[in-house]
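Take a look at the structure set out below.
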Amino acid sequence: MSLRRRPFPEVMELLFRAMGDESWRVRKEAVSVVLQAQPLQAEALEALIALLRSADNAGLRNSAVESLERIGVPAVEQLCAHLGDPDHDFRKFIIDILGNIRCATCLPLLVQALDDEDMNVRVAAAENLGKIGDTRALPHLLKVLDGGEVWLKFTVLDALSSIGAAVPLEKLEPLLQEGLLRRATYDCLGVLGDRNSFPLLLEGLHDKAKNAREAATIALMRLRARLAPQEQEVLVDRQLRGMAGSATAKKLIDSLHGEEPVMISALAQLCGIMGDERAALPLVRVARAERLRAPCLDALRRIGEPVMPLLLEHFPFAIAAERAAIVHLIAETGRPGSEELLFAALEDDGAEVRRCAAVALGRMAPEGAAAKVARLLDDEEPQVREGGLDGLQHLAARDAAGVGAICSELLRSRDARKRRDAAIILGALGDGERLARLVKDEDASVRRAAVASLARVDLPQALGALTLSLSDEEPEVRAAAAQALAEKGGEEVLAPLCLALGDTDPWVQTAALKGLAALGDPEALPGVTALLDQAQGPVLIAALSTLAALGGAQALGPVRQALYHGDEEVVEAAIGILAAHGADWIDEHGQALLEHPHWMVRRSFVRALAQLQGAESLSVLDQALARESDPLVKGEIVELLDRLR
């Protein structure tokens with residue numbers, strides 16, 4: 001750390017020694033000091049490259065790799081000069097660094113390395129051509145597929161997927177004859193294939209090798225997602241439904257027992273399209289995992305009624321997560337004859353089962369459901385109580401009398417939580433009179449719930465009650481009132497929302513600003529403009545957004561000024577607002593934003609630059625990449641360059 005203050009040539013050897021220290025903290029600090037010394041002289045850069053030969057000190061070599069990658073484009077020319085080095089390990093390190101820098105100027109040399117005498121170098125060349133993503137490499141990579149080693153072809157297929165440009169199907173189809181390459185070929189087809197690939201992928205579902213069948217499934221579902229619904233039916237779905245009940249379908253269903261989420265999600269989707277009811281129990285078992293629940297439930301919905309007898313038979317033996325999924329499906333299908341099961345599920349040991357049962361009964365509305373669902377409002381689990389509230393709100397439309405009676409009982413309670421629940425349910429009942437009384441409740445949470453529900457009630461006195469709530473002693477109630485006024489809309493809410501701009505609480509001001517933005521009435525501009533002088537943080541951000549929403553391009557002067565604000569979040573917001581109104585601000589303010597001290601601002605600006613100017617921004621992005629030191633911003637710029645080239 002102390003060496004930062006010394007001239008780099010004087011301390012270079014000491015820093016290089018530190019880059020190989022046994023402590024990762026020392027190595028990291030040394031790399032940081034080296035990067036601070038940019039730009040390095042040619043001699044120093046050459047010495048840094050030489051550290052890649054440190055075969056006996058992996059820490060030193062890795063530190064050199066990290067330093068060269070973060071130096072980036074300025075190091076490319078000298079790195080390329082070593083691609084003819086006799087040490088094949090050294091050549092491979094150079095190629096890997098060039099690939100991670102992702103500078104296309106080294107492309108011809110990496111293409112030459114595809115014919116290197118060393119297998120590892122050839123593979124590294126193919127892999128890093130994929131990272132660079134330049135389509136000029138395509139003819140050379142495709143040539144490798146005509147011959148060469150299997151492992152090299154495998155890497156080329158991955159590189160082709162990374163580049164993402166169209167590849168002739170006749171180049172890929174022959175590779176399906178090579179057992180070791182089938183999975184990689186299917187993966188590649190999933191990225192690069194077109195409608196002509198579907199016969200190959202459908203045939204791949206019958207492959208004897210399990211990993212090939214699964215790869216074909218993922219690729220098939222990826223390509224299907226790009227089709228219009230009518231094309232999906234003709235090219236894919238009709239053929240998949242014809243597989244239901246077959247031995248191949250059983251093998252694909254059995255693969256649901258795997259562990260790879262992407263693969264299982266694709267298989268679940270495929271099972272739903274096939275409509276094979278044998279997938280019912282495997283899908284329910286997979287649905288135990290929260291991140292896979294949605295695709296499994298979608299598949300079960302698609303198979304439809306045939307799965308329900310199987311699931312109901314399994315219900316007594318299922319674990320809680322499976323029972324919850326089954327109850328969820330009952331709620332959606334409204335299956336007659338399931339009422340007793342749902343009533344029993346209200347007392348299930350699993351909290352998620354109880355919650356789903358309450359929601360299901362709310363949607364199906366069998367006789368006597370309201371009183372039984374209401375018991376869950378006292379459940380010890382918050383999610384179950386919320387499920388009970390959800391169920392009662394749905395029941396309000398079908399059993400207004402029963403739900404109204406429950407509200408009357410809740411309103412008599414001394415427990416504020418129960419009165420809050422009543423306020424929420426009264427919104428579903430449209431009972432504005434009782435809600436208007438609740439906005440004066442002694443408890444702030446009740447008043448807040450009543451105010452929020454009033455936004456959904458068509459009642460003449462609702463506007464007055466909401467306006468009165470803007471003077472509530474609790475900021476959270478005032479903020480809810482401002483939000484409710486915004487939801488009601490209409491010219492009569494303009495004055496109350498403008499009044500709320502003068503509130504002492506920033507969250508109330510923010511809610512009022514968002515409401516005015518949604519209202520879109522330019523008469524609010526003077527009040528919003530007056531707020532800018534003293535506003536900070538979220539209030540200032542909301543004010544700038546509201547200003548742009550109400551005044552359009554003519555009101556963006558303060559937003560341009562905010563590009564130089566001391567709060568980086570305000571600057572980021574200003575960039576986003578200006579970007580939504582065109583690119584005429586970039587020439588004047590772009591340089592300052594590229595040199596902004598905070599990395600988040602620089603990242604936001606390069607994103608906006610690429611979005612607004614497209615390929616015209618390439619030269620500026622290249623320059624930004626050359627001087628950028630933050631790895632996150634640097635990675636962002638590299639991705640943008642890859643996308644635009």
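To be explicit about the labels: the chains of the structure tokens are called A, B, and onward in the order shown, and within each one the residues are counted from 1, while ligands get numbers from 1 in the order they are shown.
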I'd like the contact shell of Asp505 in chain A - 9 Å cut-off, only C-alpha atoms, skipping same-chain residues fewer than 2 positions apart - returned as a compact mmCIF listing (two decimals) with N, CA, C and O atoms, in the first residue's frame.
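Output saved as around_22.txt:
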# COMPACT_ATOMS: atom_id res chain seq x y z
N PRO A 475 -47.10 9.70 9.04
CA PRO A 475 -46.68 9.83 7.63
C PRO A 475 -47.12 8.68 6.74
O PRO A 475 -47.47 8.88 5.58
N ARG A 478 -50.57 9.33 5.58
CA ARG A 478 -50.60 10.41 4.59
C ARG A 478 -50.08 9.91 3.23
O ARG A 478 -50.63 10.26 2.18
N ALA A 479 -49.02 9.10 3.26
CA ALA A 479 -48.49 8.55 2.01
C ALA A 479 -49.51 7.64 1.34
O ALA A 479 -49.70 7.67 0.11
N GLY A 502 -46.17 19.79 -0.17
CA GLY A 502 -45.60 20.56 0.94
C GLY A 502 -45.47 19.78 2.22
O GLY A 502 -45.11 20.35 3.26
N ASP A 503 -45.75 18.47 2.20
CA ASP A 503 -45.64 17.64 3.40
C ASP A 503 -44.20 17.60 3.90
O ASP A 503 -43.24 17.73 3.12
N TRP A 507 -41.54 10.54 2.02
CA TRP A 507 -42.30 9.47 1.38
C TRP A 507 -43.68 9.96 0.94
O TRP A 507 -44.22 9.50 -0.07
N VAL A 508 -44.25 10.88 1.72
CA VAL A 508 -45.52 11.48 1.31
C VAL A 508 -45.31 12.32 0.05
O VAL A 508 -46.10 12.25 -0.91
N GLN A 509 -44.24 13.10 0.04
CA GLN A 509 -43.93 13.92 -1.14
C GLN A 509 -43.71 13.03 -2.37
O GLN A 509 -44.20 13.34 -3.46
N THR A 510 -43.00 11.94 -2.17
CA THR A 510 -42.72 11.04 -3.29
C THR A 510 -44.01 10.42 -3.82
O THR A 510 -44.21 10.34 -5.04
Contacts of range 116-124 of chain A within 6 Å, only C-alpha atoms, excl. fewer than 2 positions in-chain, as a list in words: Lys92, Ala113, Leu114, Ala126, Glu127 and Leu152 of chain A
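Each of A:Ser67, A:Ser413, A:Asn62, A:Gln561 was checked against Leu35 in chain A using only C-alpha atoms; the smallest atom-to-atom distance is that of A:Ser67.
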Counting only C-alpha atoms, what is within 9 Å of Ala249 in chain A, bar same-chain residues fewer than 4 positions away, as a PyMOL selection string? chain A and resi 205-206+240+243-245+253-254+271+274+276
From a DSSP pass on the backbone, collect the residues of range 155-283 of chain A flagged as helix (DSSP H, G or I) and hand them back as a PyMOL selection string. chain A and resi 155-163+169-177+179-192+195-204+210-224+229-241+247-257+261-274+277-283
Tell me which protein, DNA and RNA residues are within 12 Å of Arg136 in chain A, counting only C-alpha atoms, leaving out same-chain ones fewer than 4 positions away, and put them as a list in words. Ala104, Thr105, Cys106, Leu107, Pro108, Leu110, Val111, Leu129, Gly130, Ile132, His140, Leu141, Leu142, Leu160, Ile163, Ala165 and Arg645 of chain A
What's around Pro366 in chain A at 12 Å? Count only C-alpha atoms, leave out sequence neighbours fewer than 2 positions away in its own chain, and write the answer as a PyMOL selection string. chain A and resi 331+334-340+342-343+358+360-364+368-373+391+394-395+398-399
Near Asp21 in chain A, within 12 Å and counting only C-alpha atoms, which residues show up once chain neighbours fewer than 3 positions away are dropped, as a PDB file with all heavy atoms, in the first residue's frame?
ATOM      1  N   LEU A  14       9.502  -4.932  -6.652  1.00  0.00           N
ATOM      2  CA  LEU A  14       8.890  -5.236  -5.358  1.00  0.00           C
ATOM      3  C   LEU A  14       7.409  -5.596  -5.526  1.00  0.00           C
ATOM      4  O   LEU A  14       6.899  -6.514  -4.888  1.00  0.00           O
ATOM      5  CB  LEU A  14       9.024  -4.039  -4.416  1.00  0.00           C
ATOM      6  CG  LEU A  14      10.450  -3.731  -3.929  1.00  0.00           C
ATOM      7  CD1 LEU A  14      10.470  -2.433  -3.150  1.00  0.00           C
ATOM      8  CD2 LEU A  14      10.972  -4.876  -3.061  1.00  0.00           C
ATOM      9  N   LEU A  15       6.727  -4.872  -6.395  1.00  0.00           N
ATOM     10  CA  LEU A  15       5.311  -5.158  -6.636  1.00  0.00           C
ATOM     11  C   LEU A  15       5.136  -6.530  -7.277  1.00  0.00           C
ATOM     12  O   LEU A  15       4.222  -7.281  -6.930  1.00  0.00           O
ATOM     13  CB  LEU A  15       4.699  -4.076  -7.534  1.00  0.00           C
ATOM     14  CG  LEU A  15       4.471  -2.717  -6.870  1.00  0.00           C
ATOM     15  CD1 LEU A  15       4.064  -1.684  -7.908  1.00  0.00           C
ATOM     16  CD2 LEU A  15       3.399  -2.819  -5.788  1.00  0.00           C
ATOM     17  N   PHE A  16       6.013  -6.859  -8.223  1.00  0.00           N
ATOM     18  CA  PHE A  16       5.921  -8.167  -8.864  1.00  0.00           C
ATOM     19  C   PHE A  16       6.169  -9.281  -7.847  1.00  0.00           C
ATOM     20  O   PHE A  16       5.544 -10.340  -7.904  1.00  0.00           O
ATOM     21  CB  PHE A  16       6.925  -8.268 -10.012  1.00  0.00           C
ATOM     22  CG  PHE A  16       6.528  -7.459 -11.232  1.00  0.00           C
ATOM     23  CD1 PHE A  16       7.377  -7.358 -12.323  1.00  0.00           C
ATOM     24  CD2 PHE A  16       5.313  -6.807 -11.284  1.00  0.00           C
ATOM     25  CE1 PHE A  16       7.018  -6.626 -13.448  1.00  0.00           C
ATOM     26  CE2 PHE A  16       4.946  -6.070 -12.405  1.00  0.00           C
ATOM     27  CZ  PHE A  16       5.796  -5.975 -13.487  1.00  0.00           C
ATOM     28  N   ARG A  17       7.075  -9.028  -6.905  1.00  0.00           N
ATOM     29  CA  ARG A  17       7.305 -10.017  -5.856  1.00  0.00           C
ATOM     30  C   ARG A  17       6.040 -10.177  -5.001  1.00  0.00           C
ATOM     31  O   ARG A  17       5.642 -11.278  -4.634  1.00  0.00           O
ATOM     32  CB  ARG A  17       8.479  -9.593  -4.970  1.00  0.00           C
ATOM     33  CG  ARG A  17       8.873 -10.652  -3.942  1.00  0.00           C
ATOM     34  CD  ARG A  17       9.895 -10.129  -2.951  1.00  0.00           C
ATOM     35  NE  ARG A  17      11.054  -9.524  -3.625  1.00  0.00           N
ATOM     36  CZ  ARG A  17      12.010  -8.854  -2.986  1.00  0.00           C
ATOM     37  NH1 ARG A  17      11.934  -8.690  -1.678  1.00  0.00           N
ATOM     38  NH2 ARG A  17      13.018  -8.342  -3.641  1.00  0.00           N
ATOM     39  N   ALA A  18       5.389  -9.042  -4.698  1.00  0.00           N
ATOM     40  CA  ALA A  18       4.165  -9.075  -3.892  1.00  0.00           C
ATOM     41  C   ALA A  18       3.030  -9.773  -4.622  1.00  0.00           C
ATOM     42  O   ALA A  18       2.148 -10.383  -4.000  1.00  0.00           O
ATOM     43  CB  ALA A  18       3.748  -7.659  -3.511  1.00  0.00           C
ATOM     44  N   TRP A  24      -3.446 -13.877  -0.353  1.00  0.00           N
ATOM     45  CA  TRP A  24      -4.232 -13.338  -1.470  1.00  0.00           C
ATOM     46  C   TRP A  24      -4.478 -11.843  -1.287  1.00  0.00           C
ATOM     47  O   TRP A  24      -4.610 -11.111  -2.260  1.00  0.00           O
ATOM     48  CB  TRP A  24      -5.545 -14.099  -1.628  1.00  0.00           C
ATOM     49  CG  TRP A  24      -6.556 -13.865  -0.524  1.00  0.00           C
ATOM     50  CD1 TRP A  24      -6.722 -14.599   0.599  1.00  0.00           C
ATOM     51  CD2 TRP A  24      -7.533 -12.815  -0.468  1.00  0.00           C
ATOM     52  NE1 TRP A  24      -7.717 -14.085   1.374  1.00  0.00           N
ATOM     53  CE2 TRP A  24      -8.250 -12.993   0.738  1.00  0.00           C
ATOM     54  CE3 TRP A  24      -7.873 -11.758  -1.310  1.00  0.00           C
ATOM     55  CZ2 TRP A  24      -9.283 -12.147   1.127  1.00  0.00           C
ATOM     56  CZ3 TRP A  24      -8.903 -10.906  -0.927  1.00  0.00           C
ATOM     57  CH2 TRP A  24      -9.597 -11.095   0.279  1.00  0.00           C
ATOM     58  N   ARG A  25      -4.534 -11.379  -0.027  1.00  0.00           N
ATOM     59  CA  ARG A  25      -4.749  -9.944   0.197  1.00  0.00           C
ATOM     60  C   ARG A  25      -3.566  -9.129  -0.310  1.00  0.00           C
ATOM     61  O   ARG A  25      -3.734  -8.051  -0.891  1.00  0.00           O
ATOM     62  CB  ARG A  25      -4.980  -9.672   1.686  1.00  0.00           C
ATOM     63  CG  ARG A  25      -6.292 -10.232   2.221  1.00  0.00           C
ATOM     64  CD  ARG A  25      -6.488  -9.879   3.692  1.00  0.00           C
ATOM     65  NE  ARG A  25      -7.775 -10.341   4.180  1.00  0.00           N
ATOM     66  CZ  ARG A  25      -8.006 -11.545   4.646  1.00  0.00           C
ATOM     67  NH1 ARG A  25      -7.018 -12.442   4.665  1.00  0.00           N
ATOM     68  NH2 ARG A  25      -9.200 -11.900   5.078  1.00  0.00           N
ATOM     69  N   VAL A  26      -2.370  -9.645  -0.072  1.00  0.00           N
ATOM     70  CA  VAL A  26      -1.174  -8.952  -0.561  1.00  0.00           C
ATOM     71  C   VAL A  26      -1.162  -8.959  -2.095  1.00  0.00           C
ATOM     72  O   VAL A  26      -0.879  -7.938  -2.741  1.00  0.00           O
ATOM     73  CB  VAL A  26       0.105  -9.612   0.000  1.00  0.00           C
ATOM     74  CG1 VAL A  26       1.355  -8.931  -0.565  1.00  0.00           C
ATOM     75  CG2 VAL A  26       0.107  -9.549   1.520  1.00  0.00           C
ATOM     76  N   ARG A  27      -1.478 -10.125  -2.679  1.00  0.00           N
ATOM     77  CA  ARG A  27      -1.506 -10.214  -4.142  1.00  0.00           C
ATOM     78  C   ARG A  27      -2.526  -9.240  -4.730  1.00  0.00           C
ATOM     79  O   ARG A  27      -2.249  -8.540  -5.715  1.00  0.00           O
ATOM     80  CB  ARG A  27      -1.832 -11.656  -4.583  1.00  0.00           C
ATOM     81  CG  ARG A  27      -0.812 -12.698  -4.149  1.00  0.00           C
ATOM     82  CD  ARG A  27      -0.952 -13.991  -4.940  1.00  0.00           C
ATOM     83  NE  ARG A  27      -2.255 -14.608  -4.789  1.00  0.00           N
ATOM     84  CZ  ARG A  27      -2.586 -15.481  -3.843  1.00  0.00           C
ATOM     85  NH1 ARG A  27      -1.677 -15.821  -2.930  1.00  0.00           N
ATOM     86  NH2 ARG A  27      -3.789 -16.018  -3.798  1.00  0.00           N
ATOM     87  N   LYS A  28      -3.689  -9.182  -4.111  1.00  0.00           N
ATOM     88  CA  LYS A  28      -4.743  -8.294  -4.618  1.00  0.00           C
ATOM     89  C   LYS A  28      -4.313  -6.837  -4.540  1.00  0.00           C
ATOM     90  O   LYS A  28      -4.533  -6.052  -5.470  1.00  0.00           O
ATOM     91  CB  LYS A  28      -6.023  -8.517  -3.806  1.00  0.00           C
ATOM     92  CG  LYS A  28      -7.199  -7.680  -4.280  1.00  0.00           C
ATOM     93  CD  LYS A  28      -8.454  -7.996  -3.474  1.00  0.00           C
ATOM     94  CE  LYS A  28      -9.623  -7.139  -3.944  1.00  0.00           C
ATOM     95  NZ  LYS A  28     -10.852  -7.425  -3.165  1.00  0.00           N
ATOM     96  N   GLU A  29      -3.680  -6.450  -3.440  1.00  0.00           N
ATOM     97  CA  GLU A  29      -3.239  -5.055  -3.285  1.00  0.00           C
ATOM     98  C   GLU A  29      -2.155  -4.722  -4.304  1.00  0.00           C
ATOM     99  O   GLU A  29      -2.127  -3.621  -4.870  1.00  0.00           O
ATOM    100  CB  GLU A  29      -2.721  -4.833  -1.863  1.00  0.00           C
ATOM    101  CG  GLU A  29      -2.484  -3.382  -1.510  1.00  0.00           C
ATOM    102  CD  GLU A  29      -3.782  -2.580  -1.507  1.00  0.00           C
ATOM    103  OE1 GLU A  29      -4.814  -3.114  -1.082  1.00  0.00           O
ATOM    104  OE2 GLU A  29      -3.743  -1.408  -1.951  1.00  0.00           O
ATOM    105  N   ALA A  30      -1.272  -5.680  -4.562  1.00  0.00           N
ATOM    106  CA  ALA A  30      -0.207  -5.437  -5.533  1.00  0.00           C
ATOM    107  C   ALA A  30      -0.777  -5.225  -6.930  1.00  0.00           C
ATOM    108  O   ALA A  30      -0.351  -4.327  -7.665  1.00  0.00           O
ATOM    109  CB  ALA A  30       0.774  -6.618  -5.534  1.00  0.00           C
ATOM    110  N   VAL A  31      -1.766  -6.044  -7.321  1.00  0.00           N
ATOM    111  CA  VAL A  31      -2.419  -5.872  -8.623  1.00  0.00           C
ATOM    112  C   VAL A  31      -3.066  -4.501  -8.700  1.00  0.00           C
ATOM    113  O   VAL A  31      -2.981  -3.803  -9.729  1.00  0.00           O
ATOM    114  CB  VAL A  31      -3.468  -6.986  -8.850  1.00  0.00           C
ATOM    115  CG1 VAL A  31      -4.339  -6.668 -10.059  1.00  0.00           C
ATOM    116  CG2 VAL A  31      -2.787  -8.337  -9.039  1.00  0.00           C
ATOM    117  N   ASN A  57       4.815 -20.767  -9.455  1.00  0.00           N
ATOM    118  CA  ASN A  57       4.068 -19.887  -8.547  1.00  0.00           C
ATOM    119  C   ASN A  57       2.737 -19.514  -9.215  1.00  0.00           C
ATOM    120  O   ASN A  57       2.639 -18.524  -9.938  1.00  0.00           O
ATOM    121  CB  ASN A  57       4.884 -18.630  -8.231  1.00  0.00           C
ATOM    122  CG  ASN A  57       4.253 -17.796  -7.122  1.00  0.00           C
ATOM    123  OD1 ASN A  57       3.044 -17.810  -6.933  1.00  0.00           O
ATOM    124  ND2 ASN A  57       5.077 -17.065  -6.386  1.00  0.00           N
ATOM    125  N   ALA A  58       1.723 -20.333  -8.947  1.00  0.00           N
ATOM    126  CA  ALA A  58       0.419 -20.098  -9.583  1.00  0.00           C
ATOM    127  C   ALA A  58      -0.184 -18.766  -9.166  1.00  0.00           C
ATOM    128  O   ALA A  58      -0.855 -18.097  -9.961  1.00  0.00           O
ATOM    129  CB  ALA A  58      -0.536 -21.236  -9.234  1.00  0.00           C
ATOM    130  N   GLY A  59       0.031 -18.347  -7.918  1.00  0.00           N
ATOM    131  CA  GLY A  59      -0.501 -17.070  -7.454  1.00  0.00           C
ATOM    132  C   GLY A  59       0.057 -15.905  -8.244  1.00  0.00           C
ATOM    133  O   GLY A  59      -0.669 -14.977  -8.619  1.00  0.00           O
ATOM    134  N   LEU A  60       1.367 -15.942  -8.511  1.00  0.00           N
ATOM    135  CA  LEU A  60       2.010 -14.875  -9.293  1.00  0.00           C
ATOM    136  C   LEU A  60       1.482 -14.866 -10.721  1.00  0.00           C
ATOM    137  O   LEU A  60       1.167 -13.807 -11.273  1.00  0.00           O
ATOM    138  CB  LEU A  60       3.529 -15.092  -9.280  1.00  0.00           C
ATOM    139  CG  LEU A  60       4.356 -14.133 -10.142  1.00  0.00           C
ATOM    140  CD1 LEU A  60       4.123 -12.679  -9.733  1.00  0.00           C
ATOM    141  CD2 LEU A  60       5.842 -14.487 -10.046  1.00  0.00           C
ATOM    142  N   ARG A  61       1.380 -16.054 -11.317  1.00  0.00           N
ATOM    143  CA  ARG A  61       0.895 -16.139 -12.698  1.00  0.00           C
ATOM    144  C   ARG A  61      -0.552 -15.636 -12.805  1.00  0.00           C
ATOM    145  O   ARG A  61      -0.907 -14.883 -13.712  1.00  0.00           O
ATOM    146  CB  ARG A  61       0.994 -17.576 -13.190  1.00  0.00           C
ATOM    147  CG  ARG A  61       0.750 -17.734 -14.697  1.00  0.00           C
ATOM    148  CD  ARG A  61       0.985 -19.172 -15.123  1.00  0.00           C
ATOM    149  NE  ARG A  61       0.093 -20.080 -14.428  1.00  0.00           N
ATOM    150  CZ  ARG A  61       0.482 -21.204 -13.809  1.00  0.00           C
ATOM    151  NH1 ARG A  61       1.746 -21.565 -13.816  1.00  0.00           N
ATOM    152  NH2 ARG A  61      -0.393 -21.978 -13.195  1.00  0.00           N
ATOM    153  N   ASN A  62      -1.387 -16.027 -11.840  1.00  0.00           N
ATOM    154  CA  ASN A  62      -2.780 -15.579 -11.859  1.00  0.00           C
ATOM    155  C   ASN A  62      -2.894 -14.072 -11.659  1.00  0.00           C
ATOM    156  O   ASN A  62      -3.760 -13.421 -12.253  1.00  0.00           O
ATOM    157  CB  ASN A  62      -3.582 -16.312 -10.778  1.00  0.00           C
ATOM    158  CG  ASN A  62      -3.753 -17.793 -11.076  1.00  0.00           C
ATOM    159  OD1 ASN A  62      -3.615 -18.208 -12.229  1.00  0.00           O
ATOM    160  ND2 ASN A  62      -4.026 -18.582 -10.064  1.00  0.00           N
ATOM    161  N   SER A  63      -2.024 -13.524 -10.819  1.00  0.00           N
ATOM    162  CA  SER A  63      -2.028 -12.071 -10.625  1.00  0.00           C
ATOM    163  C   SER A  63      -1.630 -11.355 -11.910  1.00  0.00           C
ATOM    164  O   SER A  63      -2.183 -10.300 -12.246  1.00  0.00           O
ATOM    165  CB  SER A  63      -1.058 -11.685  -9.497  1.00  0.00           C
ATOM    166  OG  SER A  63      -1.499 -12.192  -8.253  1.00  0.00           O
TER     167      SER A  63
END
Pick out the residues sitting within 8 Å of Leu376 in chain A, and hand them over as a list in words; count only C-alpha atoms, and ignore anything fewer than 5 positions along from it in its own chain.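 Residues meeting the cut-off are Leu346, Ala358, Val384, Arg385, Gly387 and Gly388 of chain A.
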Using CA of Pro9 in chain A and CA of Glu43 in chain A as the two end points, give the distance in Å to one decimal.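 For CA of Pro9 in chain A relative to CA of Glu43 in chain A, the distance reads 9.5 Å.
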Shortest interatomic distance to Ala280 in chain A - which of A:Glu305, A:Glu260, A:Glu22, A:Asp134, counting only C-alpha atoms: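 Selected residue with least distance to Ala280 in chain A: A:Glu305.
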Near range 624-643 of chain A, 12 Å: range 58-101 of chain A residue rows, closest pairs, only C-alpha atoms, as a Markdown table:
| residue | atom | partner | partner_atom | distance |
| --- | --- | --- | --- | --- |
| A:Glu66 | CA | A:Pro631 | CA | 10.4 |
| A:Ser67 | CA | A:Ser629 | CA | 10.7 |
| A:Leu68 | CA | A:Ser629 | CA | 11.9 |
| A:Glu69 | CA | A:Pro631 | CA | 9.7 |
| A:Arg70 | CA | A:Ser629 | CA | 7.0 |
| A:Ile71 | CA | A:Ala626 | CA | 7.7 |
| A:Gly72 | CA | A:Ala626 | CA | 6.6 |
| A:Val73 | CA | A:Ala626 | CA | 5.8 |
| A:Pro74 | CA | A:Ala626 | CA | 6.7 |
| A:Ala75 | CA | A:Ala626 | CA | 9.8 |
| A:Val76 | CA | A:Ala626 | CA | 10.9 |
| A:Gly99 | CA | A:Val638 | CA | 11.2 |
| A:Asn100 | CA | A:Val638 | CA | 9.3 |
| A:Ile101 | CA | A:Val638 | CA | 8.0 |
